Amino acid sequence: MSKILMIVSAADNLVLADGSTHPTGFWAEEVAASHKVLRAAGAQVDIATPGAVRPTVDALSLDARGGVSETDAEEFRAYLDSLDDQLSSPLPLAEVRLGDYDAIYIPGGHAPMADLAHDAGLGRLLNEADTQGTVVAALCHGVAALLSATTGDGGFTFAGRALTAFADEEERQGGLGENTPFFLESLLRERGATVETGAPWSNTVVVDGNLITGQNPQSSTATAEATLKALADR
């Protein structure tokens, strides 16, 4: 049985470019759909957050304001309710041992931009994972977590790697717009990554060795499936 560590942001707000505070959290579909696919394949999925704080679901990800139908929202709520024991008592990220897991999986929502992107402990964990060839999967704004990983000279660990992430055009169309603290696609390019995005809101997954990335919530299932395939191919 594969063991997968799902790292979820603990942030419930994000400071925007204009200095205002925006309520946020994890995106329901990205946790629920991903977890469901991984567990259905027989994987053990543990959830960790910074400080073992219970993560907050972004309210926008459970209603029409976030482009989510009521039918889908009900499905995501029910699945998250089934994970309540894990979500209420997540593992402390700082105490996680990489050797206990076969893969790392990081879902999004805007929250990772507030904490995971700057978490030095997570950066060390990602560096260790990449050095050892452990599967690292990140989805949508969860790809911002990769920014925490830096080299000894301050470079970006994943510079030169092919990846995708929530596209700048998607941020403008259905995200925070010009008030976003940073455009993730652009920042990843600036840090040296080779960013490959599909059409806005398309199911797009990029695999580069042990690194697997999905563009948006619509890519949740495919990103989890790609993770399982990478583990099966080892």
# chains A, B, ... in the order shown; residues from 1 in each chain; ligands from 1
call {"tool": "select_by_dssp", "arguments": {"residues": "stretch 172-234 of chain A", "states": "alpha helix (DSSP H)", "output": "list in words"}}
result
Arg172, Gln173, Gly174, Leu184, Glu185, Ser186, Leu187, Leu188, Arg189, Glu190, Ser220, Thr221, Ala222, Thr223, Ala224, Glu225, Ala226, Thr227, Leu228, Lys229, Ala230, Leu231 and Ala232 of chain A
call {"tool": "residues_around", "arguments": {"residues": "A:His141", "least_positions_apart": "5", "cutoff": "9 Å", "atoms": "only C-alpha atoms", "output": "list in words"}}
result
Pro107, Gly108, Gly109, His110, Ala111, Pro112, Met113, Ala165, Phe166, Leu184, Gln215 and Asn216 of chain A
call {"tool": "write_last_selection", "arguments": {"atoms": "N, CA and C atoms", "output": "PDB file, in the first residue's frame"}}
result
ATOM      1  N   PRO A 107      -2.697  20.118  -2.450  1.00  0.00           N
ATOM      2  CA  PRO A 107      -3.815  20.783  -3.113  1.00  0.00           C
ATOM      3  C   PRO A 107      -3.771  22.287  -2.874  1.00  0.00           C
ATOM      4  N   GLY A 108      -4.638  22.998  -3.608  1.00  0.00           N
ATOM      5  CA  GLY A 108      -4.589  24.449  -3.532  1.00  0.00           C
ATOM      6  C   GLY A 108      -5.797  25.109  -2.900  1.00  0.00           C
ATOM      7  N   GLY A 109      -6.337  26.124  -3.586  1.00  0.00           N
ATOM      8  CA  GLY A 109      -7.040  27.211  -2.974  1.00  0.00           C
ATOM      9  C   GLY A 109      -5.997  28.307  -2.837  1.00  0.00           C
ATOM     10  N   HIS A 110      -6.410  29.540  -2.643  1.00  0.00           N
ATOM     11  CA  HIS A 110      -5.428  30.624  -2.543  1.00  0.00           C
ATOM     12  C   HIS A 110      -4.573  30.539  -1.275  1.00  0.00           C
ATOM     13  N   ALA A 111      -5.011  29.743  -0.293  1.00  0.00           N
ATOM     14  CA  ALA A 111      -4.332  29.722   1.005  1.00  0.00           C
ATOM     15  C   ALA A 111      -2.841  29.402   0.948  1.00  0.00           C
ATOM     16  N   PRO A 112      -2.377  28.467   0.106  1.00  0.00           N
ATOM     17  CA  PRO A 112      -0.937  28.194   0.091  1.00  0.00           C
ATOM     18  C   PRO A 112      -0.072  29.404  -0.227  1.00  0.00           C
ATOM     19  N   MET A 113      -0.641  30.394  -0.906  1.00  0.00           N
ATOM     20  CA  MET A 113       0.114  31.610  -1.192  1.00  0.00           C
ATOM     21  C   MET A 113       0.456  32.355   0.091  1.00  0.00           C
ATOM     22  N   ALA A 165       0.467  25.398 -13.377  1.00  0.00           N
ATOM     23  CA  ALA A 165      -0.082  26.008 -12.168  1.00  0.00           C
ATOM     24  C   ALA A 165      -1.281  26.847 -12.581  1.00  0.00           C
ATOM     25  N   PHE A 166      -2.005  27.365 -11.604  1.00  0.00           N
ATOM     26  CA  PHE A 166      -3.134  28.246 -11.893  1.00  0.00           C
ATOM     27  C   PHE A 166      -2.631  29.384 -12.774  1.00  0.00           C
ATOM     28  N   LEU A 184       0.882  33.577  -9.929  1.00  0.00           N
ATOM     29  CA  LEU A 184       1.698  32.390  -9.707  1.00  0.00           C
ATOM     30  C   LEU A 184       2.431  31.957 -10.970  1.00  0.00           C
ATOM     31  N   GLN A 215      -3.167  22.133 -13.226  1.00  0.00           N
ATOM     32  CA  GLN A 215      -3.352  23.570 -13.443  1.00  0.00           C
ATOM     33  C   GLN A 215      -4.410  24.207 -12.570  1.00  0.00           C
ATOM     34  N   ASN A 216      -5.500  23.506 -12.272  1.00  0.00           N
ATOM     35  CA  ASN A 216      -6.670  24.150 -11.674  1.00  0.00           C
ATOM     36  C   ASN A 216      -7.561  23.101 -11.011  1.00  0.00           C
TER      37      ASN A 216
END
call {"tool": "residues_around", "arguments": {"residues": "A:Lys36", "least_positions_apart": "3", "cutoff": "9 Å", "atoms": "only C-alpha atoms", "output": "list of chain:residue names"}}
result
A:Val31, A:Ala32, A:Ala33, A:Arg39, A:Ala40, A:Ala41, A:Tyr79, A:Thr221, A:Ala224
call {"tool": "write_last_selection", "arguments": {"atoms": "all heavy atoms", "output": "mmCIF file, in the first residue's frame"}}
result
data_model
loop_
_atom_site.group_PDB
_atom_site.id
_atom_site.type_symbol
_atom_site.label_atom_id
_atom_site.label_comp_id
_atom_site.auth_asym_id
_atom_site.auth_seq_id
_atom_site.Cartn_x
_atom_site.Cartn_y
_atom_site.Cartn_z
ATOM 1 N N VAL A 31 -9.123 19.012 -2.532
ATOM 2 C CA VAL A 31 -8.877 18.061 -1.450
ATOM 3 C C VAL A 31 -9.786 16.841 -1.608
ATOM 4 O O VAL A 31 -9.327 15.692 -1.586
ATOM 5 C CB VAL A 31 -9.086 18.718 -0.077
ATOM 6 C CG1 VAL A 31 -9.082 17.671 1.038
ATOM 7 C CG2 VAL A 31 -7.994 19.755 0.187
ATOM 8 N N ALA A 32 -11.085 17.085 -1.790
ATOM 9 C CA ALA A 32 -12.045 15.981 -1.808
ATOM 10 C C ALA A 32 -11.834 15.042 -2.991
ATOM 11 O O ALA A 32 -11.738 13.813 -2.822
ATOM 12 C CB ALA A 32 -13.469 16.537 -1.818
ATOM 13 N N ALA A 33 -11.778 15.606 -4.202
ATOM 14 C CA ALA A 33 -11.642 14.755 -5.391
ATOM 15 C C ALA A 33 -10.303 14.023 -5.397
ATOM 16 O O ALA A 33 -10.228 12.834 -5.741
ATOM 17 C CB ALA A 33 -11.805 15.584 -6.655
ATOM 18 N N ARG A 39 -7.536 7.321 -2.267
ATOM 19 C CA ARG A 39 -8.016 6.287 -1.354
ATOM 20 C C ARG A 39 -8.680 5.137 -2.097
ATOM 21 O O ARG A 39 -8.548 3.974 -1.715
ATOM 22 C CB ARG A 39 -9.012 6.895 -0.351
ATOM 23 C CG ARG A 39 -8.375 7.702 0.735
ATOM 24 C CD ARG A 39 -7.555 6.854 1.699
ATOM 25 N NE ARG A 39 -8.394 5.911 2.435
ATOM 26 C CZ ARG A 39 -8.201 4.593 2.466
ATOM 27 N NH1 ARG A 39 -7.190 4.055 1.798
ATOM 28 N NH2 ARG A 39 -8.989 3.816 3.168
ATOM 29 N N ALA A 40 -9.398 5.452 -3.187
ATOM 30 C CA ALA A 40 -10.069 4.403 -3.952
ATOM 31 C C ALA A 40 -9.072 3.416 -4.540
ATOM 32 O O ALA A 40 -9.399 2.248 -4.779
ATOM 33 C CB ALA A 40 -10.919 5.015 -5.060
ATOM 34 N N ALA A 41 -7.851 3.899 -4.764
ATOM 35 C CA ALA A 41 -6.792 3.037 -5.301
ATOM 36 C C ALA A 41 -6.077 2.260 -4.200
ATOM 37 O O ALA A 41 -5.143 1.506 -4.481
ATOM 38 C CB ALA A 41 -5.793 3.876 -6.075
ATOM 39 N N TYR A 79 -17.981 14.499 1.312
ATOM 40 C CA TYR A 79 -16.693 13.813 1.376
ATOM 41 C C TYR A 79 -15.804 14.451 2.442
ATOM 42 O O TYR A 79 -15.123 13.733 3.204
ATOM 43 C CB TYR A 79 -15.986 13.821 0.023
ATOM 44 C CG TYR A 79 -14.846 12.837 0.004
ATOM 45 C CD1 TYR A 79 -15.078 11.497 -0.274
ATOM 46 C CD2 TYR A 79 -13.551 13.227 0.331
ATOM 47 C CE1 TYR A 79 -14.042 10.564 -0.244
ATOM 48 C CE2 TYR A 79 -12.516 12.308 0.365
ATOM 49 C CZ TYR A 79 -12.765 10.981 0.079
ATOM 50 O OH TYR A 79 -11.743 10.070 0.133
ATOM 51 N N THR A 221 -8.794 15.377 -10.361
ATOM 52 C CA THR A 221 -8.821 13.926 -10.536
ATOM 53 C C THR A 221 -7.631 13.444 -11.353
ATOM 54 O O THR A 221 -6.970 12.452 -10.999
ATOM 55 C CB THR A 221 -10.146 13.505 -11.203
ATOM 56 O OG1 THR A 221 -11.224 13.786 -10.303
ATOM 57 C CG2 THR A 221 -10.140 12.026 -11.548
ATOM 58 N N ALA A 224 -4.367 13.448 -9.357
ATOM 59 C CA ALA A 224 -4.299 12.302 -8.441
ATOM 60 C C ALA A 224 -4.020 11.019 -9.212
ATOM 61 O O ALA A 224 -3.227 10.173 -8.774
ATOM 62 C CB ALA A 224 -5.596 12.188 -7.655
#
call {"tool": "residues_around", "arguments": {"residues": "A:Leu146", "least_positions_apart": "6", "cutoff": "12 Å", "atoms": "only C-alpha atoms", "output": "ChimeraX atom specification"}}
result
/A:7,104-108,112-113,115-127,129-130,136-140,156-159,161,163-165,184,187-188,191,193,211-213
call {"tool": "select_by_dssp", "arguments": {"residues": "stretch 59-156 of chain A", "states": "strand (DSSP E)", "output": "number ranges by chain"}}
result
A: 91-92, 103-106, 135-139
call {"tool": "closest_residue", "arguments": {"among": "A:Thr24, A:Ser34, A:Ser89, A:Ser220", "to": "A:Val57", "atoms": "only C-alpha atoms"}}
result
A:Thr24
call {"tool": "closest_residue", "arguments": {"among": "A:Leu5, A:Leu16, A:Ala43, A:Leu62", "to": "A:Gln86", "atoms": "only C-alpha atoms"}}
result
A:Leu5
call {"tool": "atom_distance", "arguments": {"atom1": "atom CA of A:Val15", "atom2": "atom CA of A:Pro181"}}
result
7.0 Å
call {"tool": "residues_around", "arguments": {"residues": "A:Glu74", "least_positions_apart": "3", "cutoff": "12 Å", "atoms": "only C-alpha atoms", "output": "list in words"}}
result
Ala28, Glu29, Ala32, Ser61, Leu62, Asp63, Ala64, Val68, Ser69, Glu70, Thr71, Arg77, Ala78, Tyr79, Leu80 and Asp81 of chain A
call {"tool": "write_last_selection", "arguments": {"atoms": "N, CA and C atoms", "output": "mmCIF file, in the first residue's frame"}}
result
data_model
loop_
_atom_site.group_PDB
_atom_site.id
_atom_site.type_symbol
_atom_site.label_atom_id
_atom_site.label_comp_id
_atom_site.auth_asym_id
_atom_site.auth_seq_id
_atom_site.Cartn_x
_atom_site.Cartn_y
_atom_site.Cartn_z
ATOM 1 N N ALA A 28 -12.269 23.095 -1.946
ATOM 2 C CA ALA A 28 -12.928 21.843 -1.569
ATOM 3 C C ALA A 28 -12.689 20.725 -2.575
ATOM 4 N N GLU A 29 -12.898 21.005 -3.863
ATOM 5 C CA GLU A 29 -12.748 19.954 -4.874
ATOM 6 C C GLU A 29 -11.340 19.383 -4.893
ATOM 7 N N ALA A 32 -11.085 17.085 -1.790
ATOM 8 C CA ALA A 32 -12.045 15.981 -1.808
ATOM 9 C C ALA A 32 -11.834 15.042 -2.991
ATOM 10 N N SER A 61 -15.499 27.853 -2.595
ATOM 11 C CA SER A 61 -15.360 26.572 -3.282
ATOM 12 C C SER A 61 -16.550 25.653 -3.062
ATOM 13 N N LEU A 62 -17.542 26.165 -2.341
ATOM 14 C CA LEU A 62 -18.719 25.357 -2.043
ATOM 15 C C LEU A 62 -20.014 26.039 -2.444
ATOM 16 N N ASP A 63 -19.924 27.026 -3.330
ATOM 17 C CA ASP A 63 -21.157 27.620 -3.836
ATOM 18 C C ASP A 63 -20.938 28.283 -5.198
ATOM 19 N N ALA A 64 -21.985 28.848 -5.723
ATOM 20 C CA ALA A 64 -21.967 29.380 -7.090
ATOM 21 C C ALA A 64 -20.977 30.520 -7.264
ATOM 22 N N VAL A 68 -19.190 26.686 -8.562
ATOM 23 C CA VAL A 68 -19.460 25.303 -8.161
ATOM 24 C C VAL A 68 -20.964 25.089 -8.070
ATOM 25 N N SER A 69 -21.454 24.064 -8.752
ATOM 26 C CA SER A 69 -22.882 23.770 -8.699
ATOM 27 C C SER A 69 -23.263 23.236 -7.325
ATOM 28 N N GLU A 70 -24.541 23.360 -6.992
ATOM 29 C CA GLU A 70 -24.988 22.873 -5.693
ATOM 30 C C GLU A 70 -24.814 21.359 -5.579
ATOM 31 N N THR A 71 -25.024 20.659 -6.687
ATOM 32 C CA THR A 71 -24.834 19.203 -6.671
ATOM 33 C C THR A 71 -23.395 18.842 -6.336
ATOM 34 N N ARG A 77 -18.935 18.555 0.194
ATOM 35 C CA ARG A 77 -19.197 18.682 1.638
ATOM 36 C C ARG A 77 -19.279 17.305 2.291
ATOM 37 N N ALA A 78 -19.993 16.404 1.640
ATOM 38 C CA ALA A 78 -20.165 15.070 2.218
ATOM 39 C C ALA A 78 -18.818 14.362 2.339
ATOM 40 N N TYR A 79 -17.981 14.499 1.312
ATOM 41 C CA TYR A 79 -16.693 13.813 1.376
ATOM 42 C C TYR A 79 -15.804 14.451 2.442
ATOM 43 N N LEU A 80 -15.797 15.771 2.519
ATOM 44 C CA LEU A 80 -14.995 16.435 3.548
ATOM 45 C C LEU A 80 -15.486 16.062 4.941
ATOM 46 N N ASP A 81 -16.806 15.911 5.089
ATOM 47 C CA ASP A 81 -17.345 15.473 6.379
ATOM 48 C C ASP A 81 -16.806 14.095 6.745
#
call {"tool": "residues_around", "arguments": {"residues": "A:Ser186", "least_positions_apart": "4", "cutoff": "9 Å", "atoms": "only C-alpha atoms", "output": "mmCIF file with N, CA and C atoms, in the first residue's frame"}}
result
data_model
loop_
_atom_site.group_PDB
_atom_site.id
_atom_site.type_symbol
_atom_site.label_atom_id
_atom_site.label_comp_id
_atom_site.auth_asym_id
_atom_site.auth_seq_id
_atom_site.Cartn_x
_atom_site.Cartn_y
_atom_site.Cartn_z
ATOM 1 N N ALA A 167 -3.204 29.490 -13.962
ATOM 2 C CA ALA A 167 -2.688 30.401 -14.970
ATOM 3 C C ALA A 167 -3.023 31.855 -14.652
ATOM 4 N N ASP A 168 -2.187 32.753 -15.116
ATOM 5 C CA ASP A 168 -2.447 34.184 -14.922
ATOM 6 C C ASP A 168 -3.816 34.566 -15.479
ATOM 7 N N PHE A 182 0.475 37.966 -5.927
ATOM 8 C CA PHE A 182 1.384 37.689 -7.046
ATOM 9 C C PHE A 182 0.675 36.753 -8.013
ATOM 10 N N GLU A 190 9.550 33.556 -13.543
ATOM 11 C CA GLU A 190 10.644 34.419 -13.087
ATOM 12 C C GLU A 190 11.670 33.627 -12.293
ATOM 13 N N ARG A 191 11.207 32.623 -11.547
ATOM 14 C CA ARG A 191 12.122 31.812 -10.741
ATOM 15 C C ARG A 191 12.827 30.742 -11.567
ATOM 16 N N VAL A 195 6.979 26.821 -17.429
ATOM 17 C CA VAL A 195 5.555 26.702 -17.121
ATOM 18 C C VAL A 195 4.767 26.418 -18.394
#
call {"tool": "closest_residue", "arguments": {"among": "A:Ser9, A:Thr204, A:Gln132, A:Thr227", "to": "A:Ala48", "atoms": "only C-alpha atoms"}}
result
A:Ser9
call {"tool": "residues_around", "arguments": {"residues": "stretch 91-95 of chain A", "least_positions_apart": "3", "cutoff": "6 Å", "atoms": "only C-alpha atoms", "output": "PDB file with N, CA, C and O atoms, in the first residue's frame"}}
result
ATOM      1  N   ALA A  48      -1.403  16.676   6.678  1.00  0.00           N
ATOM      2  CA  ALA A  48      -0.564  17.493   7.556  1.00  0.00           C
ATOM      3  C   ALA A  48      -0.781  18.961   7.226  1.00  0.00           C
ATOM      4  O   ALA A  48      -1.047  19.325   6.071  1.00  0.00           O
ATOM      5  N   THR A  49      -0.664  19.806   8.232  1.00  0.00           N
ATOM      6  CA  THR A  49      -0.741  21.256   8.047  1.00  0.00           C
ATOM      7  C   THR A  49       0.349  21.914   8.896  1.00  0.00           C
ATOM      8  O   THR A  49       0.835  21.323   9.865  1.00  0.00           O
ATOM      9  N   PRO A  50       0.732  23.137   8.569  1.00  0.00           N
ATOM     10  CA  PRO A  50       1.659  23.863   9.442  1.00  0.00           C
ATOM     11  C   PRO A  50       1.051  24.033  10.839  1.00  0.00           C
ATOM     12  O   PRO A  50      -0.090  24.491  10.980  1.00  0.00           O
ATOM     13  N   GLY A  51       1.801  23.623  11.842  1.00  0.00           N
ATOM     14  CA  GLY A  51       1.347  23.785  13.215  1.00  0.00           C
ATOM     15  C   GLY A  51       0.216  22.869  13.612  1.00  0.00           C
ATOM     16  O   GLY A  51      -0.380  23.045  14.678  1.00  0.00           O
ATOM     17  N   ALA A  52      -0.105  21.878  12.772  1.00  0.00           N
ATOM     18  CA  ALA A  52      -1.226  20.962  13.033  1.00  0.00           C
ATOM     19  C   ALA A  52      -2.544  21.714  13.226  1.00  0.00           C
ATOM     20  O   ALA A  52      -3.436  21.273  13.939  1.00  0.00           O
TER      21      ALA A  52
END
call {"tool": "closest_residue", "arguments": {"among": "A:Ala114, A:Leu228, A:Ala103, A:Ala162", "to": "A:Thr180", "atoms": "only C-alpha atoms"}}
result
A:Ala114
call {"tool": "atom_distance", "arguments": {"atom1": "atom CA of A:Lys3", "atom2": "atom CA of A:Asp102"}}
result
5.4 Å
call {"tool": "decode", "arguments": {"residues": "stretch 153-188 of chain A", "atoms": "N, CA and C atoms", "output": "PDB file, in the first residue's frame"}}
result
ATOM      1  N   ASP A 153      22.358  28.494  -2.828  1.00  0.00           N
ATOM      2  CA  ASP A 153      22.704  29.849  -3.252  1.00  0.00           C
ATOM      3  C   ASP A 153      21.477  30.730  -3.453  1.00  0.00           C
ATOM      4  N   GLY A 154      20.320  30.257  -2.960  1.00  0.00           N
ATOM      5  CA  GLY A 154      19.108  31.071  -3.023  1.00  0.00           C
ATOM      6  C   GLY A 154      18.295  30.890  -4.279  1.00  0.00           C
ATOM      7  N   GLY A 155      18.699  29.988  -5.151  1.00  0.00           N
ATOM      8  CA  GLY A 155      17.926  29.721  -6.357  1.00  0.00           C
ATOM      9  C   GLY A 155      16.695  28.886  -6.056  1.00  0.00           C
ATOM     10  N   PHE A 156      15.910  28.654  -7.084  1.00  0.00           N
ATOM     11  CA  PHE A 156      14.677  27.883  -6.964  1.00  0.00           C
ATOM     12  C   PHE A 156      14.982  26.423  -7.270  1.00  0.00           C
ATOM     13  N   THR A 157      14.664  25.539  -6.349  1.00  0.00           N
ATOM     14  CA  THR A 157      14.970  24.122  -6.513  1.00  0.00           C
ATOM     15  C   THR A 157      14.394  23.555  -7.804  1.00  0.00           C
ATOM     16  N   PHE A 158      13.214  24.015  -8.194  1.00  0.00           N
ATOM     17  CA  PHE A 158      12.544  23.452  -9.358  1.00  0.00           C
ATOM     18  C   PHE A 158      12.743  24.303 -10.619  1.00  0.00           C
ATOM     19  N   ALA A 159      13.748  25.164 -10.617  1.00  0.00           N
ATOM     20  CA  ALA A 159      14.102  25.908 -11.826  1.00  0.00           C
ATOM     21  C   ALA A 159      14.493  24.925 -12.920  1.00  0.00           C
ATOM     22  N   GLY A 160      14.057  25.210 -14.140  1.00  0.00           N
ATOM     23  CA  GLY A 160      14.365  24.342 -15.259  1.00  0.00           C
ATOM     24  C   GLY A 160      13.421  23.170 -15.414  1.00  0.00           C
ATOM     25  N   ARG A 161      12.533  22.965 -14.444  1.00  0.00           N
ATOM     26  CA  ARG A 161      11.590  21.847 -14.516  1.00  0.00           C
ATOM     27  C   ARG A 161      10.310  22.289 -15.214  1.00  0.00           C
ATOM     28  N   ALA A 162       9.694  21.353 -15.926  1.00  0.00           N
ATOM     29  CA  ALA A 162       8.412  21.615 -16.572  1.00  0.00           C
ATOM     30  C   ALA A 162       7.294  21.420 -15.557  1.00  0.00           C
ATOM     31  N   LEU A 163       6.408  22.384 -15.485  1.00  0.00           N
ATOM     32  CA  LEU A 163       5.286  22.303 -14.554  1.00  0.00           C
ATOM     33  C   LEU A 163       4.148  23.187 -15.039  1.00  0.00           C
ATOM     34  N   THR A 164       2.996  23.025 -14.413  1.00  0.00           N
ATOM     35  CA  THR A 164       1.869  23.915 -14.664  1.00  0.00           C
ATOM     36  C   THR A 164       1.372  24.431 -13.327  1.00  0.00           C
ATOM     37  N   ALA A 165       0.467  25.398 -13.377  1.00  0.00           N
ATOM     38  CA  ALA A 165      -0.082  26.008 -12.168  1.00  0.00           C
ATOM     39  C   ALA A 165      -1.281  26.847 -12.581  1.00  0.00           C
ATOM     40  N   PHE A 166      -2.005  27.365 -11.604  1.00  0.00           N
ATOM     41  CA  PHE A 166      -3.134  28.246 -11.893  1.00  0.00           C
ATOM     42  C   PHE A 166      -2.631  29.384 -12.774  1.00  0.00           C
ATOM     43  N   ALA A 167      -3.204  29.490 -13.962  1.00  0.00           N
ATOM     44  CA  ALA A 167      -2.688  30.401 -14.970  1.00  0.00           C
ATOM     45  C   ALA A 167      -3.023  31.855 -14.652  1.00  0.00           C
ATOM     46  N   ASP A 168      -2.187  32.753 -15.116  1.00  0.00           N
ATOM     47  CA  ASP A 168      -2.447  34.184 -14.922  1.00  0.00           C
ATOM     48  C   ASP A 168      -3.816  34.566 -15.479  1.00  0.00           C
ATOM     49  N   GLU A 169      -4.175  34.015 -16.636  1.00  0.00           N
ATOM     50  CA  GLU A 169      -5.465  34.345 -17.234  1.00  0.00           C
ATOM     51  C   GLU A 169      -6.612  33.822 -16.381  1.00  0.00           C
ATOM     52  N   GLU A 170      -6.435  32.688 -15.759  1.00  0.00           N
ATOM     53  CA  GLU A 170      -7.460  32.176 -14.847  1.00  0.00           C
ATOM     54  C   GLU A 170      -7.587  33.071 -13.618  1.00  0.00           C
ATOM     55  N   GLU A 171      -6.455  33.571 -13.134  1.00  0.00           N
ATOM     56  CA  GLU A 171      -6.495  34.487 -11.985  1.00  0.00           C
ATOM     57  C   GLU A 171      -7.278  35.750 -12.344  1.00  0.00           C
ATOM     58  N   ARG A 172      -7.114  36.200 -13.574  1.00  0.00           N
ATOM     59  CA  ARG A 172      -7.824  37.404 -14.010  1.00  0.00           C
ATOM     60  C   ARG A 172      -9.311  37.119 -14.248  1.00  0.00           C
ATOM     61  N   GLN A 173      -9.608  35.949 -14.779  1.00  0.00           N
ATOM     62  CA  GLN A 173     -10.994  35.633 -15.124  1.00  0.00           C
ATOM     63  C   GLN A 173     -11.838  35.253 -13.914  1.00  0.00           C
ATOM     64  N   GLY A 174     -11.269  34.448 -13.025  1.00  0.00           N
ATOM     65  CA  GLY A 174     -12.085  33.918 -11.941  1.00  0.00           C
ATOM     66  C   GLY A 174     -11.382  33.828 -10.611  1.00  0.00           C
ATOM     67  N   GLY A 175     -10.268  34.541 -10.494  1.00  0.00           N
ATOM     68  CA  GLY A 175      -9.527  34.531  -9.238  1.00  0.00           C
ATOM     69  C   GLY A 175      -9.566  35.881  -8.558  1.00  0.00           C
ATOM     70  N   LEU A 176      -8.415  36.351  -8.130  1.00  0.00           N
ATOM     71  CA  LEU A 176      -8.324  37.620  -7.412  1.00  0.00           C
ATOM     72  C   LEU A 176      -8.033  38.796  -8.330  1.00  0.00           C
ATOM     73  N   GLY A 177      -7.831  38.526  -9.601  1.00  0.00           N
ATOM     74  CA  GLY A 177      -7.577  39.606 -10.552  1.00  0.00           C
ATOM     75  C   GLY A 177      -6.274  40.325 -10.248  1.00  0.00           C
ATOM     76  N   GLU A 178      -6.239  41.586 -10.585  1.00  0.00           N
ATOM     77  CA  GLU A 178      -5.017  42.367 -10.410  1.00  0.00           C
ATOM     78  C   GLU A 178      -4.687  42.606  -8.939  1.00  0.00           C
ATOM     79  N   ASN A 179      -5.609  42.259  -8.044  1.00  0.00           N
ATOM     80  CA  ASN A 179      -5.363  42.441  -6.615  1.00  0.00           C
ATOM     81  C   ASN A 179      -4.672  41.242  -5.980  1.00  0.00           C
ATOM     82  N   THR A 180      -4.340  40.249  -6.790  1.00  0.00           N
ATOM     83  CA  THR A 180      -3.622  39.091  -6.255  1.00  0.00           C
ATOM     84  C   THR A 180      -2.251  39.517  -5.729  1.00  0.00           C
ATOM     85  N   PRO A 181      -1.775  38.921  -4.640  1.00  0.00           N
ATOM     86  CA  PRO A 181      -0.447  39.288  -4.127  1.00  0.00           C
ATOM     87  C   PRO A 181       0.651  39.017  -5.151  1.00  0.00           C
ATOM     88  N   PHE A 182       0.475  37.966  -5.927  1.00  0.00           N
ATOM     89  CA  PHE A 182       1.384  37.689  -7.046  1.00  0.00           C
ATOM     90  C   PHE A 182       0.675  36.753  -8.013  1.00  0.00           C
ATOM     91  N   PHE A 183       1.026  36.867  -9.286  1.00  0.00           N
ATOM     92  CA  PHE A 183       0.518  35.942 -10.292  1.00  0.00           C
ATOM     93  C   PHE A 183       1.438  34.728 -10.287  1.00  0.00           C
ATOM     94  N   LEU A 184       0.882  33.577  -9.929  1.00  0.00           N
ATOM     95  CA  LEU A 184       1.698  32.390  -9.707  1.00  0.00           C
ATOM     96  C   LEU A 184       2.431  31.957 -10.970  1.00  0.00           C
ATOM     97  N   GLU A 185       1.731  31.912 -12.092  1.00  0.00           N
ATOM     98  CA  GLU A 185       2.381  31.502 -13.336  1.00  0.00           C
ATOM     99  C   GLU A 185       3.589  32.381 -13.631  1.00  0.00           C
ATOM    100  N   SER A 186       3.401  33.692 -13.525  1.00  0.00           N
ATOM    101  CA  SER A 186       4.487  34.633 -13.830  1.00  0.00           C
ATOM    102  C   SER A 186       5.652  34.481 -12.864  1.00  0.00           C
ATOM    103  N   LEU A 187       5.346  34.306 -11.573  1.00  0.00           N
ATOM    104  CA  LEU A 187       6.413  34.201 -10.588  1.00  0.00           C
ATOM    105  C   LEU A 187       7.212  32.917 -10.789  1.00  0.00           C
ATOM    106  N   LEU A 188       6.540  31.836 -11.113  1.00  0.00           N
ATOM    107  CA  LEU A 188       7.259  30.588 -11.376  1.00  0.00           C
ATOM    108  C   LEU A 188       8.185  30.734 -12.574  1.00  0.00           C
TER     109      LEU A 188
END
